[in-house]
Amino acid sequence: MTPTEPSAEGAGLPATGQPVLVLRPAEAEDADALALIHVLARRAAPMPEPVHDEDDVRRWLRSRIATDETWVAEVDGLPVGYARWTPGWLDDLYVQPARQGGGVGAALLELVQARQPDGFCLWVFESNTPARGFYARHGLLELERTDGSANEERAPDVRLVWPGAEPLACLRSLVDEVDAQLGDLLARRAALTRAIQPFKTSSERDPAREREVAEHLATRAPALGLERLERIAHVVISESLDAARDG
C-alpha cells in the first residue's frame, strides 16, 4: 500500500449530513485537549498505570508540540485524536475512546505513513492487544519484545515497524543500526576478555561459566534458543581469547 496524505481542508458537513474528519497541524493551544485525549485513551486501554498525571502530560505535550510534528484529528471542530512523530519513529497515536473504531486512528496512521514514506518504528505495551491488532491490520510488523526494564512503567513492550514504500531498504537500515551496536559490544567483550586473563588462576576454559553466559543471553533473546546461543557464546569467547593472545 502506498498511503496518500488525508485532506487537511476545513471542517464542515457533507451533503449526507455526516461530520467530516479533519486532520490539521497541532498548535500550542491544543495541548489541553490532546492531554485529555491521551489520558482517557490510556485509561481505556489494557495498558499499565501511567507514571505521570494529566498536568505532567499537558506540560510535556506543550513542549513536544513545539518541536515534534504533531497533527490533530477533529470532528465538528472538536479534537478527537492526535499523532506525534519524530524522524523514524511514531511516538504517539491516541484516539478518544468514544471515537475509536470509526476510522480516526486509521486516518492518523495513514498520515504518518505518508509523511514518513521510508518507514518508522514504534513501541506498544505487550498487554495492549487491541493496539497491536490495529497496527497488524495496517501492515506493521512486530520486531522484538522486551521485559520492560527500559520503560518508565517497567512493563513488557513490543517494538513494531512499518517498513515503508521500500521494505527491504527500511529493514536493512535497521539491521545496519543493530550491526553497529553489535560491533561495539563485541569490541567491549574482547577488551574485557583480554583484561581478565592476568587474574585467572587457570588457562583452562570454564564450561559451567560459559553455559551461564548462554543461559543469560537466552533470557534476552529467547527466539534464538539456548542451544544456538551456546554455540554463539562459544565462538565469541573463542575468538576473544584468540584476540587476547594475539594482543
# chains A, B, ... in the order shown; residues from 1 in each chain; ligands from 1
>>> select_by_dssp(residues="range 52-242 of chain A", states="strand (DSSP E or B)", output="JSON, numbers by chain")
{"A": [69, 70, 71, 72, 73, 74, 75, 78, 79, 80, 81, 82, 83, 84, 85, 86, 89, 90, 91, 92, 93, 94, 95, 120, 121, 122, 123, 124, 125, 141, 142, 143, 144, 145, 146, 157, 158, 159, 160, 161, 162]}
>>> residues_around(residues="Arg145 in chain A", least_positions_apart="6", cutoff="7 Å", atoms="only C-alpha atoms", output="ChimeraX atom specification")
/A:157-159
>>> write_last_selection(atoms="N, CA and C atoms", output="mmCIF file, in the first residue's frame")
data_model
loop_
_atom_site.group_PDB
_atom_site.id
_atom_site.type_symbol
_atom_site.label_atom_id
_atom_site.label_comp_id
_atom_site.auth_asym_id
_atom_site.auth_seq_id
_atom_site.Cartn_x
_atom_site.Cartn_y
_atom_site.Cartn_z
ATOM 1 N N ASP A 157 7.115 -4.707 26.585
ATOM 2 C CA ASP A 157 6.632 -3.998 25.405
ATOM 3 C C ASP A 157 7.155 -4.649 24.135
ATOM 4 N N VAL A 158 6.610 -4.175 23.011
ATOM 5 C CA VAL A 158 6.902 -4.755 21.697
ATOM 6 C C VAL A 158 7.301 -3.620 20.758
ATOM 7 N N ARG A 159 8.375 -3.825 20.016
ATOM 8 C CA ARG A 159 8.783 -2.858 19.004
ATOM 9 C C ARG A 159 8.199 -3.277 17.668
#
>>> residues_around(residues="Phe134 in chain A", least_positions_apart="2", cutoff="12 Å", atoms="only C-alpha atoms", output="VMD selection string")
chain A and resid 93 100 to 101 103 to 106 109 124 128 to 132 136 to 141 160
>>> write_last_selection(atoms="C-alpha atoms", output="PDB file, in the first residue's frame")
ATOM      1  CA  LEU A  93      -1.175   7.906  18.386  1.00  0.00           C
ATOM      2  CA  GLN A 100     -12.300   4.525  18.430  1.00  0.00           C
ATOM      3  CA  GLY A 101     -13.243   2.090  15.675  1.00  0.00           C
ATOM      4  CA  GLY A 103     -11.567   5.418  11.225  1.00  0.00           C
ATOM      5  CA  VAL A 104      -9.878   8.202  13.198  1.00  0.00           C
ATOM      6  CA  GLY A 105      -6.861   6.102  14.140  1.00  0.00           C
ATOM      7  CA  ALA A 106      -6.545   4.741  10.597  1.00  0.00           C
ATOM      8  CA  LEU A 109      -1.754   6.366  10.812  1.00  0.00           C
ATOM      9  CA  VAL A 124       3.455  -0.786  22.149  1.00  0.00           C
ATOM     10  CA  ASN A 128      -2.257  -3.678  24.616  1.00  0.00           C
ATOM     11  CA  THR A 129      -3.596  -6.339  22.258  1.00  0.00           C
ATOM     12  CA  PRO A 130      -6.194  -4.036  20.597  1.00  0.00           C
ATOM     13  CA  ALA A 131      -3.430  -1.651  19.510  1.00  0.00           C
ATOM     14  CA  ARG A 132      -1.229  -4.497  18.329  1.00  0.00           C
ATOM     15  CA  ALA A 136      -1.002  -5.521  12.305  1.00  0.00           C
ATOM     16  CA  ARG A 137      -4.070  -4.835  10.146  1.00  0.00           C
ATOM     17  CA  HIS A 138      -2.291  -1.790   8.746  1.00  0.00           C
ATOM     18  CA  GLY A 139       0.864  -3.615   7.713  1.00  0.00           C
ATOM     19  CA  LEU A 140       3.143  -3.113  10.716  1.00  0.00           C
ATOM     20  CA  LEU A 141       5.449  -5.945  11.779  1.00  0.00           C
ATOM     21  CA  LEU A 160       6.905  -2.588  15.694  1.00  0.00           C
TER      22      LEU A 160
END
>>> closest_residue(among="A:Asp206, A:Glu153, A:Asp91, A:Asp30", to="Ile237 in chain A", atoms="only C-alpha atoms")
A:Asp206
>>> residues_around(residues="range 173-177 of chain A", least_positions_apart="5", cutoff="10 Å", atoms="only C-alpha atoms", output="list in words")
Phe120, Cys121, Val161, Pro163, Pro167, Leu168 and Leu182 of chain A
>>> atom_distance(atom1="CA of Ala41 in chain A", atom2="CA of Pro97 in chain A")
5.6 Å
>>> decode(residues="range 162-174 of chain A", atoms="N, CA and C atoms", output="mmCIF file, in the first residue's frame")
data_model
loop_
_atom_site.group_PDB
_atom_site.id
_atom_site.type_symbol
_atom_site.label_atom_id
_atom_site.label_comp_id
_atom_site.auth_asym_id
_atom_site.auth_seq_id
_atom_site.Cartn_x
_atom_site.Cartn_y
_atom_site.Cartn_z
ATOM 1 N N TRP A 162 6.764 -0.117 10.579
ATOM 2 C CA TRP A 162 6.107 -0.030 9.277
ATOM 3 C C TRP A 162 7.240 0.136 8.272
ATOM 4 N N PRO A 163 7.457 -0.865 7.382
ATOM 5 C CA PRO A 163 8.664 -0.863 6.554
ATOM 6 C C PRO A 163 8.634 0.077 5.360
ATOM 7 N N GLY A 164 7.593 0.855 5.209
ATOM 8 C CA GLY A 164 7.600 1.898 4.204
ATOM 9 C C GLY A 164 7.411 1.411 2.774
ATOM 10 N N ALA A 165 7.687 2.314 1.852
ATOM 11 C CA ALA A 165 7.480 2.027 0.436
ATOM 12 C C ALA A 165 8.508 1.045 -0.100
ATOM 13 N N GLU A 166 9.674 0.954 0.535
ATOM 14 C CA GLU A 166 10.719 0.015 0.130
ATOM 15 C C GLU A 166 11.121 -0.794 1.362
ATOM 16 N N PRO A 167 10.360 -1.854 1.665
ATOM 17 C CA PRO A 167 10.591 -2.608 2.901
ATOM 18 C C PRO A 167 12.008 -3.140 3.056
ATOM 19 N N LEU A 168 12.612 -3.649 1.975
ATOM 20 C CA LEU A 168 13.954 -4.211 2.093
ATOM 21 C C LEU A 168 14.947 -3.150 2.539
ATOM 22 N N ALA A 169 14.852 -1.964 1.961
ATOM 23 C CA ALA A 169 15.767 -0.876 2.331
ATOM 24 C C ALA A 169 15.552 -0.458 3.782
ATOM 25 N N CYS A 170 14.289 -0.383 4.192
ATOM 26 C CA CYS A 170 13.979 0.017 5.568
ATOM 27 C C CYS A 170 14.533 -0.999 6.562
ATOM 28 N N LEU A 171 14.254 -2.279 6.322
ATOM 29 C CA LEU A 171 14.688 -3.310 7.262
ATOM 30 C C LEU A 171 16.210 -3.455 7.264
ATOM 31 N N ARG A 172 16.841 -3.275 6.097
ATOM 32 C CA ARG A 172 18.299 -3.329 6.077
ATOM 33 C C ARG A 172 18.914 -2.171 6.855
ATOM 34 N N SER A 173 18.261 -1.023 6.828
ATOM 35 C CA SER A 173 18.784 0.107 7.607
ATOM 36 C C SER A 173 18.709 -0.188 9.106
ATOM 37 N N LEU A 174 17.665 -0.904 9.523
ATOM 38 C CA LEU A 174 17.569 -1.306 10.920
ATOM 39 C C LEU A 174 18.634 -2.343 11.261
#
